[in-house]
Structure formats: structure tokens, C-alpha cells
>>> print(open('structure_29.cif').read())   # mmCIF, N, CA and C atoms
data_data
#
loop_
_atom_site.label_atom_id
_atom_site.label_comp_id
_atom_site.auth_asym_id
_atom_site.auth_seq_id
_atom_site.Cartn_x
_atom_site.Cartn_y
_atom_site.Cartn_z
N MET A 12 -16.60 7.34 -24.29
CA MET A 12 -16.31 7.07 -22.90
C MET A 12 -15.16 6.05 -22.79
N ILE A 13 -14.29 6.26 -21.84
CA ILE A 13 -13.17 5.35 -21.61
C ILE A 13 -13.68 4.10 -20.92
N ARG A 14 -13.25 2.97 -21.40
CA ARG A 14 -13.67 1.69 -20.83
C ARG A 14 -12.94 1.47 -19.51
N PRO A 15 -13.69 1.26 -18.40
CA PRO A 15 -13.03 1.01 -17.12
C PRO A 15 -12.21 -0.29 -17.19
N SER A 16 -10.97 -0.23 -16.76
CA SER A 16 -10.13 -1.42 -16.84
C SER A 16 -9.50 -1.80 -15.50
N ARG A 17 -9.51 -0.85 -14.57
CA ARG A 17 -8.90 -1.11 -13.27
C ARG A 17 -9.94 -0.93 -12.17
N VAL A 18 -9.71 -1.58 -11.04
CA VAL A 18 -10.60 -1.45 -9.90
C VAL A 18 -10.74 0.01 -9.49
N GLY A 19 -9.66 0.77 -9.56
CA GLY A 19 -9.70 2.17 -9.20
C GLY A 19 -10.66 3.00 -10.05
N ASP A 20 -11.00 2.51 -11.25
CA ASP A 20 -11.93 3.21 -12.12
C ASP A 20 -13.38 3.07 -11.65
N LEU A 21 -13.67 2.02 -10.89
CA LEU A 21 -15.05 1.71 -10.52
C LEU A 21 -15.34 1.69 -9.02
N MET A 22 -14.32 1.56 -8.21
CA MET A 22 -14.54 1.34 -6.77
C MET A 22 -15.28 2.51 -6.12
N SER A 23 -15.97 2.18 -5.05
CA SER A 23 -16.63 3.19 -4.22
C SER A 23 -15.65 3.63 -3.14
N THR A 24 -15.63 4.92 -2.88
CA THR A 24 -14.72 5.43 -1.84
C THR A 24 -15.47 5.99 -0.63
N ALA A 25 -16.78 6.03 -0.70
CA ALA A 25 -17.59 6.43 0.46
C ALA A 25 -17.74 5.19 1.33
N LEU A 26 -16.84 5.04 2.28
CA LEU A 26 -16.72 3.79 3.03
C LEU A 26 -17.49 3.78 4.34
N VAL A 27 -18.05 2.62 4.62
CA VAL A 27 -18.63 2.34 5.93
C VAL A 27 -17.78 1.19 6.47
N PHE A 28 -17.23 1.36 7.65
CA PHE A 28 -16.39 0.30 8.23
C PHE A 28 -16.53 0.33 9.75
N VAL A 29 -16.02 -0.70 10.39
CA VAL A 29 -16.03 -0.81 11.85
C VAL A 29 -14.64 -1.19 12.33
N ARG A 30 -14.46 -1.16 13.62
CA ARG A 30 -13.20 -1.58 14.25
C ARG A 30 -13.40 -2.92 14.93
N ASP A 31 -12.34 -3.66 15.12
CA ASP A 31 -12.46 -4.97 15.76
C ASP A 31 -12.90 -4.87 17.21
N THR A 32 -12.72 -3.70 17.82
CA THR A 32 -13.13 -3.50 19.21
C THR A 32 -14.58 -3.05 19.34
N ASP A 33 -15.24 -2.75 18.21
CA ASP A 33 -16.66 -2.40 18.23
C ASP A 33 -17.48 -3.64 18.56
N THR A 34 -18.71 -3.41 19.00
CA THR A 34 -19.59 -4.54 19.33
C THR A 34 -20.34 -5.01 18.09
N LEU A 35 -20.88 -6.22 18.18
CA LEU A 35 -21.68 -6.76 17.09
C LEU A 35 -22.91 -5.90 16.86
N ALA A 36 -23.44 -5.30 17.91
CA ALA A 36 -24.60 -4.41 17.77
C ALA A 36 -24.27 -3.23 16.86
N ILE A 37 -23.08 -2.70 16.97
CA ILE A 37 -22.66 -1.59 16.10
C ILE A 37 -22.59 -2.07 14.65
N ALA A 38 -22.04 -3.24 14.43
CA ALA A 38 -21.95 -3.78 13.06
C ALA A 38 -23.35 -3.99 12.48
N ARG A 39 -24.26 -4.54 13.26
CA ARG A 39 -25.64 -4.73 12.79
C ARG A 39 -26.27 -3.39 12.40
N ARG A 40 -26.10 -2.41 13.27
CA ARG A 40 -26.67 -1.08 13.01
C ARG A 40 -26.11 -0.47 11.73
N GLU A 41 -24.79 -0.54 11.56
CA GLU A 41 -24.16 0.05 10.37
C GLU A 41 -24.59 -0.67 9.09
N MET A 42 -24.70 -1.98 9.14
CA MET A 42 -25.17 -2.73 7.96
C MET A 42 -26.60 -2.34 7.62
N ARG A 43 -27.43 -2.25 8.63
CA ARG A 43 -28.84 -1.89 8.40
C ARG A 43 -28.93 -0.48 7.82
N ARG A 44 -28.21 0.47 8.40
CA ARG A 44 -28.24 1.86 7.91
C ARG A 44 -27.79 1.98 6.47
N ALA A 45 -26.73 1.26 6.13
CA ALA A 45 -26.15 1.37 4.78
C ALA A 45 -26.77 0.39 3.78
N GLY A 46 -27.57 -0.57 4.26
CA GLY A 46 -28.17 -1.55 3.37
C GLY A 46 -27.14 -2.46 2.73
N ILE A 47 -26.15 -2.89 3.54
CA ILE A 47 -25.06 -3.73 3.02
C ILE A 47 -24.98 -5.04 3.80
N HIS A 48 -24.22 -6.00 3.27
CA HIS A 48 -24.13 -7.33 3.86
C HIS A 48 -22.77 -7.63 4.50
N HIS A 49 -21.78 -6.82 4.22
CA HIS A 49 -20.43 -7.02 4.74
C HIS A 49 -19.85 -5.67 5.15
N LEU A 50 -19.00 -5.71 6.16
CA LEU A 50 -18.31 -4.49 6.59
C LEU A 50 -16.82 -4.76 6.70
N PRO A 51 -16.00 -3.92 6.12
CA PRO A 51 -14.57 -4.03 6.37
C PRO A 51 -14.30 -3.69 7.84
N VAL A 52 -13.31 -4.35 8.41
CA VAL A 52 -12.89 -4.09 9.78
C VAL A 52 -11.47 -3.54 9.72
N VAL A 53 -11.27 -2.39 10.35
CA VAL A 53 -9.96 -1.73 10.31
C VAL A 53 -9.41 -1.53 11.71
N ASP A 54 -8.09 -1.33 11.78
CA ASP A 54 -7.47 -1.01 13.06
C ASP A 54 -7.45 0.51 13.23
N GLU A 55 -6.79 0.98 14.26
CA GLU A 55 -6.78 2.42 14.55
C GLU A 55 -6.07 3.25 13.48
N HIS A 56 -5.31 2.60 12.60
CA HIS A 56 -4.61 3.30 11.52
C HIS A 56 -5.34 3.15 10.18
N GLN A 57 -6.51 2.60 10.21
CA GLN A 57 -7.35 2.31 9.06
C GLN A 57 -6.74 1.26 8.13
N ASN A 58 -5.93 0.36 8.70
CA ASN A 58 -5.45 -0.79 7.96
C ASN A 58 -6.53 -1.85 8.00
N LEU A 59 -6.78 -2.50 6.87
CA LEU A 59 -7.78 -3.56 6.81
C LEU A 59 -7.26 -4.77 7.59
N ILE A 60 -8.06 -5.25 8.54
CA ILE A 60 -7.65 -6.42 9.32
C ILE A 60 -8.68 -7.55 9.27
N GLY A 61 -9.82 -7.31 8.63
CA GLY A 61 -10.83 -8.35 8.54
C GLY A 61 -12.10 -7.86 7.86
N VAL A 62 -13.08 -8.76 7.81
CA VAL A 62 -14.41 -8.45 7.28
C VAL A 62 -15.41 -9.16 8.17
N ILE A 63 -16.52 -8.48 8.45
CA ILE A 63 -17.61 -9.13 9.19
C ILE A 63 -18.84 -9.12 8.29
N SER A 64 -19.55 -10.24 8.26
CA SER A 64 -20.71 -10.38 7.38
C SER A 64 -21.98 -10.57 8.20
N ARG A 65 -23.10 -10.46 7.53
CA ARG A 65 -24.38 -10.75 8.19
C ARG A 65 -24.40 -12.19 8.70
N THR A 66 -23.77 -13.09 7.96
CA THR A 66 -23.70 -14.48 8.41
C THR A 66 -22.93 -14.57 9.72
N ASP A 67 -21.83 -13.85 9.83
CA ASP A 67 -21.07 -13.82 11.09
C ASP A 67 -21.94 -13.30 12.23
N LEU A 68 -22.73 -12.28 11.95
CA LEU A 68 -23.58 -11.70 12.98
C LEU A 68 -24.68 -12.67 13.40
N THR A 69 -25.19 -13.44 12.46
CA THR A 69 -26.19 -14.47 12.80
C THR A 69 -25.57 -15.49 13.74
N GLU A 70 -24.33 -15.89 13.44
CA GLU A 70 -23.60 -16.82 14.33
C GLU A 70 -23.42 -16.19 15.71
N GLY A 71 -23.15 -14.90 15.75
CA GLY A 71 -22.96 -14.20 17.01
C GLY A 71 -24.20 -14.21 17.89
N ARG A 72 -25.36 -14.25 17.28
CA ARG A 72 -26.61 -14.30 18.07
C ARG A 72 -26.78 -15.63 18.78
N ARG A 73 -26.13 -16.66 18.31
CA ARG A 73 -26.23 -17.98 18.94
C ARG A 73 -25.33 -18.11 20.17
N ARG A 74 -24.45 -17.16 20.34
CA ARG A 74 -23.53 -17.18 21.48
C ARG A 74 -24.13 -16.42 22.65
N PRO A 75 -23.56 -16.56 23.83
CA PRO A 75 -24.10 -15.85 24.99
C PRO A 75 -24.17 -14.34 24.74
N ALA A 76 -25.22 -13.74 25.28
CA ALA A 76 -25.43 -12.30 25.09
C ALA A 76 -24.32 -11.52 25.78
N GLY A 77 -24.28 -10.26 25.53
CA GLY A 77 -23.26 -9.39 26.10
C GLY A 77 -22.72 -8.47 25.04
N ARG A 78 -21.66 -7.84 25.35
CA ARG A 78 -21.07 -6.88 24.42
C ARG A 78 -19.97 -7.58 23.62
N GLN A 79 -20.40 -8.49 22.77
CA GLN A 79 -19.45 -9.24 21.96
C GLN A 79 -18.73 -8.32 20.99
N ARG A 80 -17.46 -8.55 20.83
CA ARG A 80 -16.62 -7.71 19.97
C ARG A 80 -16.52 -8.31 18.57
N ILE A 81 -16.47 -7.44 17.60
CA ILE A 81 -16.37 -7.85 16.20
C ILE A 81 -15.13 -8.72 15.98
N GLY A 82 -14.05 -8.39 16.64
CA GLY A 82 -12.79 -9.13 16.48
C GLY A 82 -12.89 -10.61 16.78
N LYS A 83 -13.88 -11.01 17.56
CA LYS A 83 -14.05 -12.43 17.90
C LYS A 83 -14.69 -13.23 16.76
N LEU A 84 -15.46 -12.58 15.90
CA LEU A 84 -16.20 -13.30 14.85
C LEU A 84 -15.79 -12.97 13.43
N MET A 85 -15.06 -11.89 13.23
CA MET A 85 -14.73 -11.45 11.87
C MET A 85 -13.84 -12.47 11.16
N SER A 86 -13.89 -12.44 9.85
CA SER A 86 -12.99 -13.24 9.02
C SER A 86 -11.70 -12.45 8.86
N ARG A 87 -10.58 -13.11 9.15
CA ARG A 87 -9.29 -12.43 9.06
C ARG A 87 -8.57 -12.69 7.74
N ALA A 88 -8.88 -13.78 7.09
CA ALA A 88 -8.26 -14.08 5.79
C ALA A 88 -9.09 -13.40 4.71
N VAL A 89 -8.72 -12.16 4.39
CA VAL A 89 -9.51 -11.33 3.48
C VAL A 89 -8.84 -11.27 2.11
N VAL A 90 -9.63 -11.51 1.08
CA VAL A 90 -9.17 -11.35 -0.29
C VAL A 90 -9.40 -9.88 -0.63
N THR A 91 -8.36 -9.24 -1.15
CA THR A 91 -8.45 -7.81 -1.45
C THR A 91 -8.02 -7.53 -2.88
N ALA A 92 -8.27 -6.30 -3.28
CA ALA A 92 -7.79 -5.78 -4.56
C ALA A 92 -7.05 -4.49 -4.27
N THR A 93 -6.31 -4.01 -5.26
CA THR A 93 -5.69 -2.69 -5.21
C THR A 93 -6.34 -1.86 -6.32
N PRO A 94 -6.15 -0.56 -6.31
CA PRO A 94 -6.72 0.24 -7.40
C PRO A 94 -6.19 -0.17 -8.78
N GLU A 95 -5.01 -0.78 -8.82
CA GLU A 95 -4.42 -1.19 -10.10
C GLU A 95 -4.87 -2.57 -10.55
N THR A 96 -5.56 -3.33 -9.69
CA THR A 96 -6.05 -4.66 -10.06
C THR A 96 -6.98 -4.53 -11.27
N SER A 97 -6.83 -5.44 -12.23
CA SER A 97 -7.69 -5.38 -13.41
C SER A 97 -9.13 -5.74 -13.02
N ILE A 98 -10.08 -5.15 -13.73
CA ILE A 98 -11.48 -5.47 -13.51
C ILE A 98 -11.72 -6.95 -13.77
N THR A 99 -11.06 -7.50 -14.76
CA THR A 99 -11.22 -8.92 -15.09
C THR A 99 -10.81 -9.80 -13.91
N LEU A 100 -9.66 -9.52 -13.31
CA LEU A 100 -9.21 -10.30 -12.16
C LEU A 100 -10.16 -10.11 -10.98
N ALA A 101 -10.58 -8.89 -10.72
CA ALA A 101 -11.50 -8.63 -9.60
C ALA A 101 -12.81 -9.40 -9.79
N ARG A 102 -13.33 -9.36 -11.02
CA ARG A 102 -14.57 -10.10 -11.31
C ARG A 102 -14.39 -11.58 -11.05
N GLU A 103 -13.27 -12.14 -11.49
CA GLU A 103 -13.03 -13.57 -11.29
C GLU A 103 -12.88 -13.92 -9.81
N LEU A 104 -12.19 -13.06 -9.05
CA LEU A 104 -12.08 -13.29 -7.60
C LEU A 104 -13.45 -13.29 -6.94
N MET A 105 -14.29 -12.36 -7.35
CA MET A 105 -15.63 -12.28 -6.76
C MET A 105 -16.47 -13.50 -7.14
N LEU A 106 -16.39 -13.92 -8.39
CA LEU A 106 -17.17 -15.08 -8.83
C LEU A 106 -16.67 -16.38 -8.18
N GLU A 107 -15.36 -16.59 -8.21
CA GLU A 107 -14.79 -17.82 -7.66
C GLU A 107 -15.05 -17.98 -6.17
N ASN A 108 -15.04 -16.87 -5.45
CA ASN A 108 -15.20 -16.91 -4.00
C ASN A 108 -16.62 -16.60 -3.54
N VAL A 109 -17.51 -16.34 -4.49
CA VAL A 109 -18.90 -15.98 -4.22
C VAL A 109 -18.95 -14.78 -3.27
N PHE A 110 -18.19 -13.73 -3.63
CA PHE A 110 -18.17 -12.48 -2.88
C PHE A 110 -19.07 -11.47 -3.56
N ARG A 111 -19.69 -10.62 -2.77
CA ARG A 111 -20.49 -9.53 -3.32
C ARG A 111 -19.69 -8.23 -3.38
N SER A 112 -18.50 -8.27 -2.79
CA SER A 112 -17.65 -7.08 -2.80
C SER A 112 -16.21 -7.48 -2.51
N LEU A 113 -15.30 -6.58 -2.86
CA LEU A 113 -13.87 -6.76 -2.57
C LEU A 113 -13.35 -5.47 -1.93
N PRO A 114 -12.77 -5.56 -0.74
CA PRO A 114 -12.12 -4.37 -0.18
C PRO A 114 -10.93 -3.99 -1.05
N VAL A 115 -10.69 -2.69 -1.16
CA VAL A 115 -9.57 -2.19 -1.95
C VAL A 115 -8.59 -1.51 -0.99
N VAL A 116 -7.34 -1.95 -1.04
CA VAL A 116 -6.33 -1.43 -0.14
C VAL A 116 -5.18 -0.81 -0.93
N GLY A 117 -4.54 0.17 -0.31
CA GLY A 117 -3.35 0.77 -0.89
C GLY A 117 -2.14 -0.10 -0.59
N SER A 118 -1.00 0.26 -1.11
CA SER A 118 0.22 -0.53 -0.91
C SER A 118 0.62 -0.58 0.56
N ASP A 119 0.11 0.36 1.37
CA ASP A 119 0.42 0.38 2.80
C ASP A 119 -0.59 -0.41 3.64
N GLY A 120 -1.57 -1.04 2.98
CA GLY A 120 -2.56 -1.82 3.72
C GLY A 120 -3.77 -1.03 4.17
N HIS A 121 -3.78 0.28 3.93
CA HIS A 121 -4.93 1.11 4.31
C HIS A 121 -6.13 0.81 3.41
N LEU A 122 -7.29 0.74 4.02
CA LEU A 122 -8.53 0.59 3.27
C LEU A 122 -8.81 1.90 2.55
N ILE A 123 -8.95 1.84 1.23
CA ILE A 123 -9.19 3.07 0.46
C ILE A 123 -10.46 3.00 -0.38
N GLY A 124 -11.07 1.83 -0.48
CA GLY A 124 -12.29 1.71 -1.27
C GLY A 124 -12.87 0.32 -1.17
N ILE A 125 -13.94 0.13 -1.89
CA ILE A 125 -14.56 -1.18 -1.98
C ILE A 125 -15.17 -1.31 -3.37
N LEU A 126 -15.02 -2.47 -3.97
CA LEU A 126 -15.61 -2.75 -5.27
C LEU A 126 -16.78 -3.68 -5.03
N THR A 127 -17.96 -3.26 -5.45
CA THR A 127 -19.17 -4.05 -5.23
C THR A 127 -19.72 -4.57 -6.55
N GLU A 128 -20.66 -5.50 -6.44
CA GLU A 128 -21.36 -5.98 -7.64
C GLU A 128 -22.01 -4.81 -8.37
N THR A 129 -22.58 -3.89 -7.62
CA THR A 129 -23.23 -2.73 -8.23
C THR A 129 -22.22 -1.88 -9.00
N ASP A 130 -21.02 -1.71 -8.45
CA ASP A 130 -19.99 -0.96 -9.16
C ASP A 130 -19.66 -1.62 -10.50
N LEU A 131 -19.56 -2.95 -10.50
CA LEU A 131 -19.26 -3.68 -11.74
C LEU A 131 -20.39 -3.50 -12.75
N LEU A 132 -21.64 -3.57 -12.30
CA LEU A 132 -22.77 -3.40 -13.21
C LEU A 132 -22.82 -1.98 -13.78
N ARG A 133 -22.50 -1.00 -12.96
CA ARG A 133 -22.44 0.38 -13.46
C ARG A 133 -21.34 0.53 -14.51
N GLY A 134 -20.24 -0.16 -14.32
CA GLY A 134 -19.16 -0.13 -15.30
C GLY A 134 -19.59 -0.72 -16.62
N ILE A 135 -20.35 -1.80 -16.57
CA ILE A 135 -20.88 -2.41 -17.81
C ILE A 135 -21.82 -1.43 -18.50
N ARG A 136 -22.72 -0.84 -17.72
CA ARG A 136 -23.70 0.10 -18.29
C ARG A 136 -23.00 1.29 -18.95
N ALA A 137 -21.89 1.72 -18.38
CA ALA A 137 -21.18 2.90 -18.91
C ALA A 137 -20.61 2.65 -20.29
N VAL A 138 -20.27 1.41 -20.61
CA VAL A 138 -19.63 1.13 -21.90
C VAL A 138 -20.50 0.34 -22.86
N ASP A 139 -21.63 -0.15 -22.41
CA ASP A 139 -22.50 -0.98 -23.25
C ASP A 139 -23.77 -0.21 -23.59
N PRO A 140 -23.91 0.26 -24.82
CA PRO A 140 -25.08 1.04 -25.19
C PRO A 140 -26.39 0.27 -24.97
N ASP A 141 -26.38 -1.04 -25.16
CA ASP A 141 -27.60 -1.83 -24.96
C ASP A 141 -28.01 -1.88 -23.49
N ALA A 142 -27.05 -1.74 -22.59
CA ALA A 142 -27.36 -1.80 -21.16
C ALA A 142 -28.12 -0.56 -20.71
N ARG A 143 -28.07 0.51 -21.49
CA ARG A 143 -28.75 1.75 -21.13
C ARG A 143 -30.21 1.79 -21.58
N ARG A 144 -30.61 0.84 -22.41
CA ARG A 144 -31.99 0.84 -22.90
C ARG A 144 -32.96 0.63 -21.76
N GLN A 145 -34.14 1.14 -21.94
CA GLN A 145 -35.20 0.94 -20.96
C GLN A 145 -35.60 -0.52 -20.96
N PRO A 146 -35.95 -1.08 -19.78
CA PRO A 146 -36.39 -2.47 -19.73
C PRO A 146 -37.66 -2.65 -20.57
N VAL A 147 -37.78 -3.79 -21.18
CA VAL A 147 -38.96 -4.11 -21.96
C VAL A 147 -40.06 -4.53 -21.01
N GLU A 148 -41.24 -3.92 -21.20
CA GLU A 148 -42.39 -4.27 -20.37
C GLU A 148 -42.88 -5.66 -20.75
N PRO A 149 -43.26 -6.48 -19.76
CA PRO A 149 -43.78 -7.81 -20.09
C PRO A 149 -45.10 -7.70 -20.83
N ASP A 150 -45.34 -8.66 -21.72
CA ASP A 150 -46.58 -8.69 -22.49
C ASP A 150 -47.72 -9.04 -21.57
N SER A 151 -48.76 -8.19 -21.52
CA SER A 151 -49.87 -8.41 -20.60
C SER A 151 -51.01 -9.21 -21.21
N SER A 152 -50.82 -9.71 -22.43
CA SER A 152 -51.91 -10.45 -23.06
C SER A 152 -51.96 -11.89 -22.67
#
>>> encode(input="structure_29.cif", output="C-alpha cells")
Amino acid sequence: MIRPSRVGDLMSTALVFVRDTDTLAIARREMRRAGIHHLPVVDEHQNLIGVISRTDLTEGRRRPAGRQRIGKLMSRAVVTATPETSITLARELMLENVFRSLPVVGSDGHLIGILTETDLLRGIRAVDPDARRQPVEPDSS
């Protein structure tokens, strides 16, 4: 098996995302449906313009009710990767920033994928024969 070396080798391309004009309720629903903690936010051309997290949504609940827009609470300073970014650099970015995922963008700024902790673990399992072993059952004595 070829050892994954670039983000493009491991990234997920089945994307769940929202728009900055969507409501916080939509973001909550999409996170719940997909079982995720962060959502990329894109514009009408699918350019990445931010990220909204469960933490952002918790903050949104403290504000007056209504149809609050994602664009008001999302983080706009987003750390990204490209498909050519090395796995080593992506891992370090995730560790240093305590991120669970990195949005992956093309040279034109379009969101094309996301690299998650799970993707990295699958990459390790693919090349590490010991990672494929069955877990050892705890001793019941």
C-alpha cells in the first residue's frame, strides 16, 4: 500500500457546509445530523469564508432569540490546507491549534474537502500493520 503523504490522499470530500446567511438553527441541525462539531461556511460560489463551531452556537444561545445568521458568529480567520499540503504539516497545524479538522481548499478558494482526526487515524491504520490488530480484551481476573 502507498503511504499517504498529502492531505488529498486522506481528506473527505462528502461535505456538509452552510452559508453565512443561514440561521444558527440550520447549523445546529446540520451538526446534529452529521455528528460533527464544526461546519465550513461558504459563499454562493462555494468559496470558504469561515467556520462555525458548536462553541459558537452555544454563544449564540446567550444572545437574544430570533433568526440569528451564521455570519454574525462564525470565525473568519480560518486555517486551511490544500490537497498538496503534507500530512505532517496538516497534523502539526491541527495539534498546535487544537483543531479537530482542517478545511481543504483549491487554489481558487473553493472548499473541496475536509481533513479530520478520523481521516488521519485511518491513514495510520492503512500503513501500520499493528494498527489493524484486534483490540486486546481487558483481563477480567
>>> resolve_selection(input="structure_29.cif", expression="the PyMOL selection byres (((chain A and resi 91 and name CA) around 7) and name CA)", output="MDAnalysis selection string")
chainID A and resid 89:90 92:93 113:116
>>> write_last_selection(input="structure_29.cif", atoms="N, CA and C atoms", output="mmCIF file, in the coordinates of the input")
data_model
loop_
_atom_site.group_PDB
_atom_site.id
_atom_site.type_symbol
_atom_site.label_atom_id
_atom_site.label_comp_id
_atom_site.auth_asym_id
_atom_site.auth_seq_id
_atom_site.Cartn_x
_atom_site.Cartn_y
_atom_site.Cartn_z
ATOM 1 N N VAL A 89 -8.720 -12.160 4.390
ATOM 2 C CA VAL A 89 -9.510 -11.330 3.480
ATOM 3 C C VAL A 89 -8.840 -11.270 2.110
ATOM 4 N N VAL A 90 -9.630 -11.510 1.080
ATOM 5 C CA VAL A 90 -9.170 -11.350 -0.290
ATOM 6 C C VAL A 90 -9.400 -9.880 -0.630
ATOM 7 N N ALA A 92 -8.270 -6.300 -3.280
ATOM 8 C CA ALA A 92 -7.790 -5.780 -4.560
ATOM 9 C C ALA A 92 -7.050 -4.490 -4.270
ATOM 10 N N THR A 93 -6.310 -4.010 -5.260
ATOM 11 C CA THR A 93 -5.690 -2.690 -5.210
ATOM 12 C C THR A 93 -6.340 -1.860 -6.320
ATOM 13 N N LEU A 113 -15.300 -6.580 -2.860
ATOM 14 C CA LEU A 113 -13.870 -6.760 -2.570
ATOM 15 C C LEU A 113 -13.350 -5.470 -1.930
ATOM 16 N N PRO A 114 -12.770 -5.560 -0.740
ATOM 17 C CA PRO A 114 -12.120 -4.370 -0.180
ATOM 18 C C PRO A 114 -10.930 -3.990 -1.050
ATOM 19 N N VAL A 115 -10.690 -2.690 -1.160
ATOM 20 C CA VAL A 115 -9.570 -2.190 -1.950
ATOM 21 C C VAL A 115 -8.590 -1.510 -0.990
ATOM 22 N N VAL A 116 -7.340 -1.950 -1.040
ATOM 23 C CA VAL A 116 -6.330 -1.430 -0.140
ATOM 24 C C VAL A 116 -5.180 -0.810 -0.930
#
>>> atom_distance(input="structure_29.cif", atom1="CA of Arg80 (chain A)", atom2="CA of Gln57 (chain A)")
17.5 Å
>>> residues_around(input="structure_29.cif", residues="Arg65 (chain A)", least_positions_apart="3", cutoff="7 Å", atoms="all atoms listed in the file", output="VMD selection string")
chain A and resid 47 to 50 68 to 70
>>> resolve_selection(input="structure_29.cif", expression="the PyMOL selection byres ((chain A and resi 51) around 6.5)", output="ChimeraX atom specification")
/A:27-30,49-50,52-53,60-63
>>> resolve_selection(input="structure_29.cif", expression="the PyMOL selection byres ((chain A and resi 24) around 7)", output="PyMOL selection string")
chain A and resi 21-23+25-27+123-125
>>> closest_residue(input="structure_29.cif", among="A:Thr32, A:Asn58, A:Thr127, A:Thr96", to="Ser16 (chain A)", atoms="all atoms listed in the file")
A:Thr96
>>> closest_residue(input="structure_29.cif", among="A:Met42, A:Ile37, A:Leu84, A:Leu131", to="Ser97 (chain A)", atoms="only C-alpha atoms")
A:Leu131
>>> closest_residue(input="structure_29.cif", among="A:Thr129, A:Leu100, A:Ile135, A:Leu35", to="Gly82 (chain A)", atoms="all atoms listed in the file")
A:Leu35
>>> atom_distance(input="structure_29.cif", atom1="atom C of Thr66 (chain A)", atom2="CA of Gly120 (chain A)")
24.8 Å
>>> select_by_dssp(input="structure_29.cif", residues="region 19-127 of chain A", states="helix (DSSP H, G or I)", output="PyMOL selection string")
chain A and resi 19-21+35-45+65-72+81-84+98-108
>>> atom_distance(input="structure_29.cif", atom1="CA of Ile98 (chain A)", atom2="atom N of Ser118 (chain A)")
17.2 Å
>>> residues_around(input="structure_29.cif", residues="Pro94 (chain A)", least_positions_apart="5", cutoff="7 Å", atoms="only C-alpha atoms", output="compact mmCIF listing (two decimals) with N, CA and C atoms, keeping the file's coordinate frame")
# COMPACT_ATOMS: atom_id res chain seq x y z
N ARG A 17 -9.51 -0.85 -14.57
CA ARG A 17 -8.90 -1.11 -13.27
C ARG A 17 -9.94 -0.93 -12.17
N VAL A 18 -9.71 -1.58 -11.04
CA VAL A 18 -10.60 -1.45 -9.90
C VAL A 18 -10.74 0.01 -9.49
N GLY A 19 -9.66 0.77 -9.56
CA GLY A 19 -9.70 2.17 -9.20
C GLY A 19 -10.66 3.00 -10.05
N VAL A 115 -10.69 -2.69 -1.16
CA VAL A 115 -9.57 -2.19 -1.95
C VAL A 115 -8.59 -1.51 -0.99
>>> closest_residue(input="structure_29.cif", among="A:Arg39, A:His121, A:Arg78, A:Arg14", to="His56 (chain A)", atoms="only N, CA and C atoms")
A:His121
>>> select_by_dssp(input="structure_29.cif", residues="chain A", states="strand (DSSP E or B)", output="number ranges by chain")
A: 17, 23, 29-30, 34, 49-53, 58-64, 80, 86, 92, 97, 112-116, 121-127
>>> decode(input="structure_29.cif", residues="region 24-35 of chain A", atoms="N, CA and C atoms", output="PDB file, in the first residue's frame")
ATOM      1  N   THR A  24     -14.362  14.093   1.025  1.00  0.00           N
ATOM      2  CA  THR A  24     -14.949  15.008   0.042  1.00  0.00           C
ATOM      3  C   THR A  24     -16.474  15.040   0.108  1.00  0.00           C
ATOM      4  N   ALA A  25     -17.058  14.221   0.952  1.00  0.00           N
ATOM      5  CA  ALA A  25     -18.514  14.270   1.181  1.00  0.00           C
ATOM      6  C   ALA A  25     -18.741  15.381   2.204  1.00  0.00           C
ATOM      7  N   LEU A  26     -18.996  16.574   1.712  1.00  0.00           N
ATOM      8  CA  LEU A  26     -19.002  17.763   2.562  1.00  0.00           C
ATOM      9  C   LEU A  26     -20.383  18.139   3.074  1.00  0.00           C
ATOM     10  N   VAL A  27     -20.386  18.598   4.309  1.00  0.00           N
ATOM     11  CA  VAL A  27     -21.558  19.235   4.899  1.00  0.00           C
ATOM     12  C   VAL A  27     -21.101  20.661   5.194  1.00  0.00           C
ATOM     13  N   PHE A  28     -21.832  21.635   4.693  1.00  0.00           N
ATOM     14  CA  PHE A  28     -21.451  23.035   4.917  1.00  0.00           C
ATOM     15  C   PHE A  28     -22.708  23.887   4.981  1.00  0.00           C
ATOM     16  N   VAL A  29     -22.530  25.125   5.410  1.00  0.00           N
ATOM     17  CA  VAL A  29     -23.630  26.091   5.490  1.00  0.00           C
ATOM     18  C   VAL A  29     -23.184  27.397   4.848  1.00  0.00           C
ATOM     19  N   ARG A  30     -24.123  28.297   4.696  1.00  0.00           N
ATOM     20  CA  ARG A  30     -23.840  29.643   4.167  1.00  0.00           C
ATOM     21  C   ARG A  30     -23.913  30.646   5.303  1.00  0.00           C
ATOM     22  N   ASP A  31     -23.247  31.764   5.155  1.00  0.00           N
ATOM     23  CA  ASP A  31     -23.257  32.778   6.211  1.00  0.00           C
ATOM     24  C   ASP A  31     -24.640  33.387   6.408  1.00  0.00           C
ATOM     25  N   THR A  32     -25.506  33.266   5.418  1.00  0.00           N
ATOM     26  CA  THR A  32     -26.870  33.802   5.529  1.00  0.00           C
ATOM     27  C   THR A  32     -27.840  32.808   6.158  1.00  0.00           C
ATOM     28  N   ASP A  33     -27.399  31.553   6.372  1.00  0.00           N
ATOM     29  CA  ASP A  33     -28.238  30.567   7.055  1.00  0.00           C
ATOM     30  C   ASP A  33     -28.364  30.938   8.531  1.00  0.00           C
ATOM     31  N   THR A  34     -29.380  30.392   9.169  1.00  0.00           N
ATOM     32  CA  THR A  34     -29.591  30.669  10.597  1.00  0.00           C
ATOM     33  C   THR A  34     -28.783  29.700  11.455  1.00  0.00           C
ATOM     34  N   LEU A  35     -28.611  30.081  12.714  1.00  0.00           N
ATOM     35  CA  LEU A  35     -27.920  29.212  13.658  1.00  0.00           C
ATOM     36  C   LEU A  35     -28.678  27.901  13.836  1.00  0.00           C
TER      37      LEU A  35
END
